[in-house]
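Asks: One structure, pasted below without further comment.
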Amino acid sequence: MIQPESAVSNRRDLQEKLSVLRRHILKKADEFLLHKDNRWLLIWISGLFILWIWDLIFLNRPAFIAVQSAFFNTLFVALLGSVLALAFAWLTTNALYFSSRRSQHLYAGLRFVTDLIRSVPQIIGILLLYVLLTGMIQKDMITASATILILMALIIAVFVFPETTDLMLERIEHFRRRDFFNAMLVCGISEWRIVNYEILWKNSRIHLFNKLIAVIGMTVFLQSSIDFIVSVGLSTEISTLNFPNTLGSLLAKIDSKQDILAIGHTLLNPGYVSKLFFNHLQGISVAFLIVFSLLCIYRIADGFARRHRI
Amino acid sequence: MIRQRLKEHLISAVIVCSLLLLIGIRLAEPRPGPVTNKTLDKLDFLRTDDPLDRALLRETLQQFYPQQSQKADSLLDALNEYHRQTMLPPARGKSYLSFSKFFELLGMLLKFTLIYAIVLALTTWGVQTLAVWRFVHEQQNRPPNWWRIYVALRKLVRNTVERKKIHAWLVPIKLTVVSLGRALFTLMLFSPAYVIAYSIKTRFDTNSILFMILLGVVSNGLLATYAYKFYTFLQTESRKGYVQTAIVKNLSTDYRHSMPLSRIIKLRKIFPGHVFQHIFINARHQYFATLKEQAAFLITGLVIIEMALNIQGHLCYELLQNLLYKNFDIVFTILAGIFLLVKSTEAGVDWLIHREELKYDSA
């Protein structure tokens, strides 16, 4: 049967459009994958997706739900913690910068407080505030999981923001030496606007975003560690049932610990390795999620810094 | 300037440590003291732990003070409570800061400081070595291992004569093993200490000091993070104008033959006649400023190791246990000790930077 000429032409048009679209997608994919940060972002997401599929098939349903909720809770705390750290850093930078020009006493006081926060090892500071948080949970002052997660993010942010403050102060100091700073002042632009908009927003956004990625990694690490410590060392004090599930607390559970201990058994019995991915999936999944996420976040930050030559 | 900085550290250390000790003493639960009564002390024949003597005492008091039976009851209650406390074993985990406890904590702090100093020295060397190795490796422009494996395999597939020889397969196998080892090492660098420790707990003694040192160096992402920072400094320096001037002045830029691994891993890194010597010195100068941050992160790592692995007899395990049993006087004493350690490191780093600056100023 002979097809009508218009149908053939429509089909040819469609094929051509599809080919153009395919070329466009491939070009965009090429451009996307050209950068190391994008590549690692893709690797991270793909790795998580493969693990999710694997766990969906081979992990028992309650454990699967626990791992899933733990990952999302940890990610939520990490993202919120980083944003809060950025906000604290921005406020502190402004407070330090403007107080140094107006009141030396206020500046000395603020500097003392920020130096003090910096000098307290992060994990100890967070642990002490976690004890307070536990007290609040025990007295039923906080019951909602979301509130607990937000407070966890807040606590971690308090101890990770000084690094970002240092970066912001460094950027301001760098630009203050340039002519444009004084030129803008002479033009009547307020110093507040120059510092916050011209320097920090317009000229340091990329640096701050890179720092934000690094802080996400740091927050994941600190949160996993503190939840592990709290679940292992303070378990009689804190009921793990009251705390939302996180990767650290899930790893501290006896099932997960036994799964991790099985890795040691595999060192002398290599034949056991296949069982690790079926019989010990909960602990292995949680440990993998922590380590793989930390590695990928580090690589993304590294790639981002390289791409923008920071 | 340096004196001012050191003074600031000293003032900060004194204020914070005093505050911590005061808070600890204030938060500490009162120690049960003996019931003392001057009149009762004189009655040395009275055995207050004997029910008969107690009953006699009650009757006597009622005879003498018939209107104040409540006073007699409260005195006897206090006596009972005193006996209960002296007879019962102390509450589990409950302890108080005494001289012996203080010296025990001091010993633990010294042990912690020793481990910390060793790990700091090892990581400082490791950070510089890893960063230099990465920088040199990049300058050498060698193709990545996966590409070399692919090329070697393609060659073997195409060459039917070669692929029958066993030694021809050695190159891709060796490269694969090296790549796998490197991937495993990278994963280990990013693993939290407790993941590594639990993975090998059944095979090794994870409570030994040596293991703690090893774990402190390779885990928690410390080495990777700061090696990356040092590497960034190296890269920034390599782009500066003075490097071009040095090249024009005929300094070597050969990274393939004059930068062997043996030179890179040396404790004292010297690259005479090479442009990298200047890049390295300037990058190291900037790295010193991040040492404070690295030291604080290292302490965090060591605290995590001691707490997460429940290494008994160590300072941070003691801290966690006392936090659990609310012995706040001990908790805050330990915190004061750790704070002193951090401040000493900060003062040390400031002095180191000052010394470096003097060296260049005088030059």
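By convention in this document, the chains of the structure tokens carry letters A, B, ... by their order, each chain's residues are numbered from 1, and ligands are numbered from 1 in the order they are shown.
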Give the residues of chain A that lie within 8 Å of chain B; count only C-alpha atoms, and format the answer as a PDB file with N, CA, C and O atoms, in the first residue's frame.

Replies:
ATOM      1  N   PHE A 112      35.606  37.384  71.018  1.00  0.00           N
ATOM      2  CA  PHE A 112      35.839  36.415  72.094  1.00  0.00           C
ATOM      3  C   PHE A 112      34.846  35.252  71.994  1.00  0.00           C
ATOM      4  O   PHE A 112      35.219  34.085  72.082  1.00  0.00           O
ATOM      5  N   LEU A 116      35.669  31.486  71.053  1.00  0.00           N
ATOM      6  CA  LEU A 116      35.319  30.469  72.047  1.00  0.00           C
ATOM      7  C   LEU A 116      34.601  29.301  71.362  1.00  0.00           C
ATOM      8  O   LEU A 116      34.931  28.129  71.605  1.00  0.00           O
ATOM      9  N   SER A 119      37.007  27.292  69.519  1.00  0.00           N
ATOM     10  CA  SER A 119      37.949  26.519  70.338  1.00  0.00           C
ATOM     11  C   SER A 119      37.314  25.304  71.005  1.00  0.00           C
ATOM     12  O   SER A 119      38.032  24.459  71.538  1.00  0.00           O
ATOM     13  N   VAL A 120      35.991  25.263  71.018  1.00  0.00           N
ATOM     14  CA  VAL A 120      35.344  24.081  71.596  1.00  0.00           C
ATOM     15  C   VAL A 120      35.267  23.028  70.488  1.00  0.00           C
ATOM     16  O   VAL A 120      34.702  23.304  69.434  1.00  0.00           O
ATOM     17  N   PRO A 121      35.865  21.849  70.703  1.00  0.00           N
ATOM     18  CA  PRO A 121      35.753  20.823  69.658  1.00  0.00           C
ATOM     19  C   PRO A 121      34.266  20.604  69.321  1.00  0.00           C
ATOM     20  O   PRO A 121      33.438  20.441  70.220  1.00  0.00           O
ATOM     21  N   GLN A 122      33.997  20.626  68.018  1.00  0.00           N
ATOM     22  CA  GLN A 122      32.597  20.619  67.572  1.00  0.00           C
ATOM     23  C   GLN A 122      31.775  19.509  68.207  1.00  0.00           C
ATOM     24  O   GLN A 122      30.654  19.743  68.671  1.00  0.00           O
ATOM     25  N   ILE A 123      32.346  18.332  68.258  1.00  0.00           N
ATOM     26  CA  ILE A 123      31.577  17.176  68.727  1.00  0.00           C
ATOM     27  C   ILE A 123      31.196  17.340  70.200  1.00  0.00           C
ATOM     28  O   ILE A 123      30.098  16.949  70.614  1.00  0.00           O
ATOM     29  N   ILE A 124      32.073  17.974  70.977  1.00  0.00           N
ATOM     30  CA  ILE A 124      31.778  18.137  72.407  1.00  0.00           C
ATOM     31  C   ILE A 124      30.685  19.184  72.599  1.00  0.00           C
ATOM     32  O   ILE A 124      29.752  18.994  73.379  1.00  0.00           O
ATOM     33  N   PHE A 221      28.640  14.248  58.500  1.00  0.00           N
ATOM     34  CA  PHE A 221      29.621  13.539  59.324  1.00  0.00           C
ATOM     35  C   PHE A 221      29.345  13.747  60.816  1.00  0.00           C
ATOM     36  O   PHE A 221      29.287  12.785  61.596  1.00  0.00           O
ATOM     37  N   SER A 225      27.943  10.955  63.482  1.00  0.00           N
ATOM     38  CA  SER A 225      28.818  10.600  64.606  1.00  0.00           C
ATOM     39  C   SER A 225      28.127  10.848  65.938  1.00  0.00           C
ATOM     40  O   SER A 225      28.163  10.001  66.827  1.00  0.00           O
ATOM     41  N   ILE A 226      27.492  12.006  66.069  1.00  0.00           N
ATOM     42  CA  ILE A 226      26.872  12.328  67.364  1.00  0.00           C
ATOM     43  C   ILE A 226      25.705  11.384  67.645  1.00  0.00           C
ATOM     44  O   ILE A 226      25.524  10.926  68.768  1.00  0.00           O
ATOM     45  N   PHE A 228      25.434   8.364  66.589  1.00  0.00           N
ATOM     46  CA  PHE A 228      26.034   7.058  66.909  1.00  0.00           C
ATOM     47  C   PHE A 228      26.495   7.055  68.368  1.00  0.00           C
ATOM     48  O   PHE A 228      26.187   6.133  69.122  1.00  0.00           O
ATOM     49  N   ILE A 229      27.206   8.120  68.757  1.00  0.00           N
ATOM     50  CA  ILE A 229      27.725   8.209  70.136  1.00  0.00           C
ATOM     51  C   ILE A 229      26.576   8.210  71.137  1.00  0.00           C
ATOM     52  O   ILE A 229      26.601   7.497  72.142  1.00  0.00           O
ATOM     53  N   VAL A 232      25.025   4.861  71.367  1.00  0.00           N
ATOM     54  CA  VAL A 232      25.896   3.846  71.979  1.00  0.00           C
ATOM     55  C   VAL A 232      26.180   4.178  73.444  1.00  0.00           C
ATOM     56  O   VAL A 232      25.989   3.355  74.331  1.00  0.00           O
ATOM     57  N   GLY A 233      26.571   5.431  73.681  1.00  0.00           N
ATOM     58  CA  GLY A 233      27.074   5.793  75.010  1.00  0.00           C
ATOM     59  C   GLY A 233      26.041   6.318  75.970  1.00  0.00           C
ATOM     60  O   GLY A 233      26.174   6.173  77.178  1.00  0.00           O
ATOM     61  N   LEU A 234      25.004   6.972  75.462  1.00  0.00           N
ATOM     62  CA  LEU A 234      24.022   7.578  76.366  1.00  0.00           C
ATOM     63  C   LEU A 234      22.666   6.887  76.230  1.00  0.00           C
ATOM     64  O   LEU A 234      21.636   7.472  76.505  1.00  0.00           O
ATOM     65  N   THR A 236      21.067   4.751  77.899  1.00  0.00           N
ATOM     66  CA  THR A 236      20.175   4.615  79.050  1.00  0.00           C
ATOM     67  C   THR A 236      19.498   5.944  79.363  1.00  0.00           C
ATOM     68  O   THR A 236      18.440   5.990  79.950  1.00  0.00           O
ATOM     69  N   GLU A 237      20.178   7.003  78.956  1.00  0.00           N
ATOM     70  CA  GLU A 237      19.638   8.342  79.230  1.00  0.00           C
ATOM     71  C   GLU A 237      18.598   8.730  78.182  1.00  0.00           C
ATOM     72  O   GLU A 237      17.585   9.329  78.479  1.00  0.00           O
ATOM     73  N   LYS A 257      25.164  -3.115  63.820  1.00  0.00           N
ATOM     74  CA  LYS A 257      26.532  -3.331  64.294  1.00  0.00           C
ATOM     75  C   LYS A 257      27.004  -4.738  63.949  1.00  0.00           C
ATOM     76  O   LYS A 257      28.138  -4.955  63.553  1.00  0.00           O
ATOM     77  N   ILE A 260      27.987  -4.864  60.394  1.00  0.00           N
ATOM     78  CA  ILE A 260      29.319  -4.286  60.147  1.00  0.00           C
ATOM     79  C   ILE A 260      30.412  -5.237  60.635  1.00  0.00           C
ATOM     80  O   ILE A 260      31.446  -5.402  59.999  1.00  0.00           O
ATOM     81  N   LEU A 261      30.152  -5.874  61.788  1.00  0.00           N
ATOM     82  CA  LEU A 261      31.138  -6.830  62.313  1.00  0.00           C
ATOM     83  C   LEU A 261      31.364  -7.978  61.331  1.00  0.00           C
ATOM     84  O   LEU A 261      32.446  -8.566  61.291  1.00  0.00           O
ATOM     85  N   ALA A 262      30.336  -8.266  60.532  1.00  0.00           N
ATOM     86  CA  ALA A 262      30.461  -9.357  59.549  1.00  0.00           C
ATOM     87  C   ALA A 262      31.537  -9.054  58.506  1.00  0.00           C
ATOM     88  O   ALA A 262      32.104  -9.977  57.922  1.00  0.00           O
ATOM     89  N   ILE A 263      31.825  -7.769  58.285  1.00  0.00           N
ATOM     90  CA  ILE A 263      32.882  -7.403  57.325  1.00  0.00           C
ATOM     91  C   ILE A 263      34.218  -7.974  57.819  1.00  0.00           C
ATOM     92  O   ILE A 263      35.015  -8.511  57.045  1.00  0.00           O
ATOM     93  N   GLY A 264      34.450  -7.860  59.133  1.00  0.00           N
ATOM     94  CA  GLY A 264      35.672  -8.396  59.727  1.00  0.00           C
ATOM     95  C   GLY A 264      35.768  -9.894  59.533  1.00  0.00           C
ATOM     96  O   GLY A 264      36.845 -10.433  59.257  1.00  0.00           O
ATOM     97  N   HIS A 265      34.619 -10.562  59.650  1.00  0.00           N
ATOM     98  CA  HIS A 265      34.578 -12.015  59.455  1.00  0.00           C
ATOM     99  C   HIS A 265      34.968 -12.360  58.011  1.00  0.00           C
ATOM    100  O   HIS A 265      35.640 -13.358  57.757  1.00  0.00           O
ATOM    101  N   ALA A 287      26.118   2.053  56.439  1.00  0.00           N
ATOM    102  CA  ALA A 287      27.539   2.442  56.377  1.00  0.00           C
ATOM    103  C   ALA A 287      27.883   2.962  54.987  1.00  0.00           C
ATOM    104  O   ALA A 287      28.575   3.985  54.840  1.00  0.00           O
ATOM    105  N   ILE A 290      26.578   6.506  54.445  1.00  0.00           N
ATOM    106  CA  ILE A 290      27.390   7.546  55.114  1.00  0.00           C
ATOM    107  C   ILE A 290      28.682   7.779  54.320  1.00  0.00           C
ATOM    108  O   ILE A 290      28.989   8.908  53.925  1.00  0.00           O
ATOM    109  N   VAL A 291      29.424   6.698  54.081  1.00  0.00           N
ATOM    110  CA  VAL A 291      30.747   6.842  53.459  1.00  0.00           C
ATOM    111  C   VAL A 291      30.619   7.356  52.023  1.00  0.00           C
ATOM    112  O   VAL A 291      31.322   8.294  51.624  1.00  0.00           O
ATOM    113  N   PHE A 292      29.704   6.763  51.269  1.00  0.00           N
ATOM    114  CA  PHE A 292      29.540   7.150  49.859  1.00  0.00           C
ATOM    115  C   PHE A 292      29.084   8.608  49.743  1.00  0.00           C
ATOM    116  O   PHE A 292      29.576   9.367  48.898  1.00  0.00           O
ATOM    117  N   LEU A 294      29.611  11.023  51.942  1.00  0.00           N
ATOM    118  CA  LEU A 294      30.722  11.907  52.324  1.00  0.00           C
ATOM    119  C   LEU A 294      31.723  12.043  51.173  1.00  0.00           C
ATOM    120  O   LEU A 294      32.164  13.151  50.856  1.00  0.00           O
ATOM    121  N   LEU A 295      32.036  10.909  50.544  1.00  0.00           N
ATOM    122  CA  LEU A 295      32.987  10.923  49.430  1.00  0.00           C
ATOM    123  C   LEU A 295      32.438  11.770  48.265  1.00  0.00           C
ATOM    124  O   LEU A 295      33.147  12.629  47.725  1.00  0.00           O
ATOM    125  N   TYR A 298      32.344  15.518  48.978  1.00  0.00           N
ATOM    126  CA  TYR A 298      33.710  16.056  48.914  1.00  0.00           C
ATOM    127  C   TYR A 298      34.131  16.265  47.454  1.00  0.00           C
ATOM    128  O   TYR A 298      34.665  17.309  47.082  1.00  0.00           O
TER     129      TYR A 298
END

Asks: Apply DSSP to the backbone of this structure and, from region 181-254 of chain B, keep only the residues in alpha helix (DSSP H); write these as a PyMOL selection string.

Replies: chain B and resi 181-190+193-200+209-218+222-238+241-248

Asks: How would the residues just picked look written out with N, CA and C atoms as a short mmCIF file (atom, residue, chain, number, x, y, z; two decimals), in the first residue's frame?

Replies:
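Saved file again.cif follows:
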data_model
loop_
_atom_site.label_atom_id
_atom_site.label_comp_id
_atom_site.auth_asym_id
_atom_site.auth_seq_id
_atom_site.Cartn_x
_atom_site.Cartn_y
_atom_site.Cartn_z
N GLY B 181 42.90 -0.76 45.01
CA GLY B 181 43.53 -0.40 46.28
C GLY B 181 43.36 1.09 46.56
N ARG B 182 43.53 1.88 45.52
CA ARG B 182 43.39 3.33 45.68
C ARG B 182 41.94 3.70 46.03
N ALA B 183 40.99 3.02 45.36
CA ALA B 183 39.57 3.30 45.63
C ALA B 183 39.22 2.93 47.07
N LEU B 184 39.77 1.79 47.50
CA LEU B 184 39.52 1.32 48.88
C LEU B 184 40.11 2.29 49.89
N PHE B 185 41.32 2.77 49.59
CA PHE B 185 42.00 3.72 50.47
C PHE B 185 41.20 5.03 50.55
N THR B 186 40.69 5.47 49.38
CA THR B 186 39.89 6.71 49.37
C THR B 186 38.63 6.54 50.20
N LEU B 187 37.96 5.38 50.05
CA LEU B 187 36.74 5.13 50.83
C LEU B 187 37.06 5.13 52.33
N MET B 188 38.23 4.54 52.65
CA MET B 188 38.64 4.47 54.06
C MET B 188 38.89 5.88 54.62
N LEU B 189 39.50 6.73 53.78
CA LEU B 189 39.79 8.10 54.23
C LEU B 189 38.52 8.84 54.61
N PHE B 190 37.41 8.50 53.94
CA PHE B 190 36.16 9.21 54.21
C PHE B 190 35.27 8.49 55.22
N ALA B 193 35.42 6.87 61.85
CA ALA B 193 36.28 5.90 62.55
C ALA B 193 35.52 4.67 63.02
N TYR B 194 34.28 4.88 63.49
CA TYR B 194 33.55 3.74 64.06
C TYR B 194 33.17 2.71 62.99
N VAL B 195 33.00 3.15 61.76
CA VAL B 195 32.67 2.20 60.68
C VAL B 195 33.88 1.28 60.44
N ILE B 196 35.07 1.90 60.34
CA ILE B 196 36.29 1.10 60.13
C ILE B 196 36.53 0.18 61.32
N ALA B 197 36.40 0.76 62.53
CA ALA B 197 36.72 -0.02 63.73
C ALA B 197 35.79 -1.22 63.87
N TYR B 198 34.51 -1.02 63.66
CA TYR B 198 33.58 -2.15 63.79
C TYR B 198 33.79 -3.18 62.67
N SER B 199 34.27 -2.69 61.51
CA SER B 199 34.50 -3.63 60.40
C SER B 199 35.61 -4.62 60.71
N ILE B 200 36.55 -4.19 61.54
CA ILE B 200 37.68 -5.10 61.81
C ILE B 200 37.79 -5.45 63.29
N ILE B 209 46.28 1.77 71.90
CA ILE B 209 46.65 3.15 71.58
C ILE B 209 47.14 3.24 70.13
N LEU B 210 47.87 2.22 69.71
CA LEU B 210 48.40 2.20 68.34
C LEU B 210 47.27 2.24 67.32
N PHE B 211 46.24 1.46 67.61
CA PHE B 211 45.09 1.42 66.70
C PHE B 211 44.38 2.78 66.69
N MET B 212 44.30 3.39 67.86
CA MET B 212 43.65 4.72 67.94
C MET B 212 44.41 5.73 67.09
N ILE B 213 45.73 5.66 67.16
CA ILE B 213 46.56 6.59 66.38
C ILE B 213 46.32 6.37 64.89
N LEU B 214 46.34 5.10 64.51
CA LEU B 214 46.14 4.75 63.10
C LEU B 214 44.77 5.22 62.61
N LEU B 215 43.78 4.98 63.45
CA LEU B 215 42.41 5.36 63.09
C LEU B 215 42.28 6.89 63.02
N GLY B 216 42.94 7.56 63.95
CA GLY B 216 42.90 9.03 63.98
C GLY B 216 43.49 9.62 62.71
N VAL B 217 44.51 8.95 62.17
CA VAL B 217 45.18 9.48 60.97
C VAL B 217 44.33 9.22 59.72
N VAL B 218 43.86 7.98 59.57
CA VAL B 218 43.26 7.63 58.28
C VAL B 218 41.74 7.82 58.18
N LEU B 222 39.75 13.45 57.70
CA LEU B 222 40.70 14.50 58.09
C LEU B 222 41.81 14.68 57.06
N LEU B 223 42.44 13.56 56.72
CA LEU B 223 43.57 13.60 55.80
C LEU B 223 43.13 14.11 54.42
N ALA B 224 42.01 13.59 53.94
CA ALA B 224 41.53 13.98 52.61
C ALA B 224 41.18 15.46 52.55
N THR B 225 40.47 15.94 53.58
CA THR B 225 40.02 17.33 53.58
C THR B 225 41.20 18.30 53.58
N TYR B 226 42.15 18.04 54.47
CA TYR B 226 43.25 19.01 54.59
C TYR B 226 44.30 18.82 53.49
N ALA B 227 44.41 17.61 52.97
CA ALA B 227 45.29 17.41 51.81
C ALA B 227 44.74 18.21 50.63
N TYR B 228 43.42 18.21 50.51
CA TYR B 228 42.79 18.98 49.43
C TYR B 228 43.07 20.48 49.62
N LYS B 229 43.01 20.94 50.88
CA LYS B 229 43.28 22.36 51.14
C LYS B 229 44.71 22.71 50.73
N PHE B 230 45.64 21.84 51.15
CA PHE B 230 47.04 22.10 50.83
C PHE B 230 47.25 22.07 49.31
N TYR B 231 46.57 21.14 48.67
CA TYR B 231 46.66 21.02 47.21
C TYR B 231 46.15 22.31 46.54
N THR B 232 45.06 22.86 47.09
CA THR B 232 44.51 24.12 46.55
C THR B 232 45.54 25.24 46.68
N PHE B 233 46.22 25.27 47.83
CA PHE B 233 47.26 26.30 48.01
C PHE B 233 48.37 26.12 46.97
N LEU B 234 48.74 24.86 46.74
CA LEU B 234 49.79 24.57 45.75
C LEU B 234 49.35 25.06 44.37
N GLN B 235 48.10 24.79 44.04
CA GLN B 235 47.59 25.19 42.72
C GLN B 235 47.56 26.71 42.58
N THR B 236 47.08 27.37 43.64
CA THR B 236 47.00 28.84 43.61
C THR B 236 48.39 29.43 43.43
N GLU B 237 49.34 28.88 44.18
CA GLU B 237 50.71 29.40 44.10
C GLU B 237 51.31 29.16 42.71
N SER B 238 51.00 27.99 42.14
CA SER B 238 51.61 27.65 40.84
C SER B 238 51.14 28.58 39.73
N GLY B 241 52.73 34.87 39.39
CA GLY B 241 53.74 35.39 38.47
C GLY B 241 55.16 34.97 38.79
N TYR B 242 55.48 34.85 40.08
CA TYR B 242 56.87 34.55 40.45
C TYR B 242 57.31 33.19 39.91
N VAL B 243 56.33 32.30 39.67
CA VAL B 243 56.67 30.98 39.14
C VAL B 243 57.23 31.13 37.71
N GLN B 244 56.57 32.01 36.95
CA GLN B 244 57.04 32.26 35.58
C GLN B 244 58.46 32.86 35.61
N THR B 245 58.66 33.81 36.57
CA THR B 245 59.98 34.43 36.71
C THR B 245 61.04 33.36 37.03
N ALA B 246 60.66 32.45 37.94
CA ALA B 246 61.60 31.39 38.33
C ALA B 246 61.91 30.48 37.14
N ILE B 247 60.91 30.25 36.30
CA ILE B 247 61.14 29.39 35.13
C ILE B 247 62.11 30.08 34.16
N VAL B 248 61.90 31.41 33.99
CA VAL B 248 62.78 32.18 33.11
C VAL B 248 64.21 32.14 33.64
#

Asks: Which one is closest to His314 (chain B): B:Ile334, B:Ser69, B:Leu251, B:Leu27? Count only C-alpha atoms.

Replies: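 Distance minimum relative to His314 (chain B) lands on B:Ile334.
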
Asks: Just how far from CA of Ala214 (chain A) is CA of Leu84 (chain A), in Å to one decimal?

Replies: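 Going from CA of Leu84 (chain A) over to CA of Ala214 (chain A) covers 14.0 Å.
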
Asks: If we count only C-alpha atoms and set the cut-off at 7 Å, which residues sit around Ala157 (chain A), ignoring sequence neighbours fewer than 2 positions away in its own chain? Please answer as a JSON list (two decimals) with all heavy atoms, in the first residue's frame.

Replies:
[["chain", "number", "residue", "atom", "x", "y", "z"],
["A", 81, "GLY", "N", 20.97, 22.44, 58.34],
["A", 81, "GLY", "CA", 22.11, 22.86, 59.15],
["A", 81, "GLY", "C", 23.05, 23.76, 58.36],
["A", 81, "GLY", "O", 23.54, 24.77, 58.88],
["A", 82, "SER", "N", 23.26, 23.43, 57.09],
["A", 82, "SER", "CA", 24.16, 24.23, 56.26],
["A", 82, "SER", "C", 23.57, 25.61, 55.99],
["A", 82, "SER", "O", 24.28, 26.62, 56.05],
["A", 82, "SER", "CB", 24.42, 23.53, 54.93],
["A", 82, "SER", "OG", 24.69, 22.21, 55.15],
["A", 84, "LEU", "N", 21.38, 27.16, 57.86],
["A", 84, "LEU", "CA", 21.41, 27.92, 59.12],
["A", 84, "LEU", "C", 22.82, 28.41, 59.42],
["A", 84, "LEU", "O", 23.01, 29.54, 59.89],
["A", 84, "LEU", "CB", 20.92, 27.04, 60.27],
["A", 84, "LEU", "CG", 19.41, 26.78, 60.32],
["A", 84, "LEU", "CD1", 19.08, 25.76, 61.39],
["A", 84, "LEU", "CD2", 18.64, 28.06, 60.59],
["A", 85, "ALA", "N", 23.82, 27.55, 59.13],
["A", 85, "ALA", "CA", 25.22, 27.94, 59.37],
["A", 85, "ALA", "C", 25.57, 29.15, 58.51],
["A", 85, "ALA", "O", 26.24, 30.08, 58.97],
["A", 85, "ALA", "CB", 26.15, 26.78, 59.05],
["A", 153, "ALA", "N", 19.55, 20.39, 63.63],
["A", 153, "ALA", "CA", 20.22, 21.20, 62.60],
["A", 153, "ALA", "C", 20.76, 22.50, 63.20],
["A", 153, "ALA", "O", 21.89, 22.92, 62.91],
["A", 153, "ALA", "CB", 19.26, 21.49, 61.47],
["A", 154, "LEU", "N", 19.94, 23.09, 64.07],
["A", 154, "LEU", "CA", 20.33, 24.34, 64.72],
["A", 154, "LEU", "C", 21.58, 24.15, 65.58],
["A", 154, "LEU", "O", 22.52, 24.94, 65.54],
["A", 154, "LEU", "CB", 19.15, 24.81, 65.58],
["A", 154, "LEU", "CG", 19.20, 26.24, 66.09],
["A", 154, "LEU", "CD1", 18.92, 27.21, 64.95],
["A", 154, "LEU", "CD2", 18.16, 26.45, 67.19],
["A", 155, "ILE", "N", 21.58, 23.06, 66.33],
["A", 155, "ILE", "CA", 22.72, 22.77, 67.23],
["A", 155, "ILE", "C", 24.00, 22.58, 66.41],
["A", 155, "ILE", "O", 25.05, 23.14, 66.74],
["A", 155, "ILE", "CB", 22.42, 21.49, 68.07],
["A", 155, "ILE", "CG1", 21.36, 21.78, 69.11],
["A", 155, "ILE", "CG2", 23.69, 20.97, 68.74],
["A", 155, "ILE", "CD1", 20.84, 20.55, 69.83],
["A", 159, "PHE", "N", 27.94, 25.17, 65.70],
["A", 159, "PHE", "CA", 29.36, 24.82, 65.80],
["A", 159, "PHE", "C", 30.09, 24.71, 64.47],
["A", 159, "PHE", "O", 31.29, 24.46, 64.46],
["A", 159, "PHE", "CB", 29.52, 23.53, 66.63],
["A", 159, "PHE", "CG", 29.19, 23.76, 68.07],
["A", 159, "PHE", "CD1", 27.92, 23.50, 68.56],
["A", 159, "PHE", "CD2", 30.12, 24.31, 68.93],
["A", 159, "PHE", "CE1", 27.60, 23.75, 69.87],
["A", 159, "PHE", "CE2", 29.82, 24.57, 70.25],
["A", 159, "PHE", "CZ", 28.55, 24.29, 70.73],
["A", 160, "VAL", "N", 29.36, 24.86, 63.37],
["A", 160, "VAL", "CA", 30.08, 24.78, 62.09],
["A", 160, "VAL", "C", 30.15, 26.12, 61.35],
["A", 160, "VAL", "O", 30.84, 26.22, 60.33],
["A", 160, "VAL", "CB", 29.50, 23.69, 61.13],
["A", 160, "VAL", "CG1", 29.74, 22.31, 61.65],
["A", 160, "VAL", "CG2", 28.04, 23.91, 60.83],
["A", 161, "PHE", "N", 29.45, 27.13, 61.89],
["A", 161, "PHE", "CA", 29.42, 28.39, 61.13],
["A", 161, "PHE", "C", 30.72, 29.20, 61.15],
["A", 161, "PHE", "O", 30.97, 29.97, 60.21],
["A", 161, "PHE", "CB", 28.22, 29.26, 61.58],
["A", 161, "PHE", "CG", 28.47, 30.10, 62.78],
["A", 161, "PHE", "CD1", 29.03, 31.37, 62.65],
["A", 161, "PHE", "CD2", 28.17, 29.66, 64.06],
["A", 161, "PHE", "CE1", 29.27, 32.16, 63.76],
["A", 161, "PHE", "CE2", 28.41, 30.43, 65.17],
["A", 161, "PHE", "CZ", 28.96, 31.69, 65.02]]

Asks: Distance CA of Glu173 (chain A)-CA of Thr124 (chain B), one decimal place?

Replies: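 Separation of CA of Glu173 (chain A) and CA of Thr124 (chain B): 28.0 Å.
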
Asks: For CA of Pro244 (chain A) and CA of Lys211 (chain A), quote the distance in Å rounded to one decimal.

Replies: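 So the answer is 27.4 Å.
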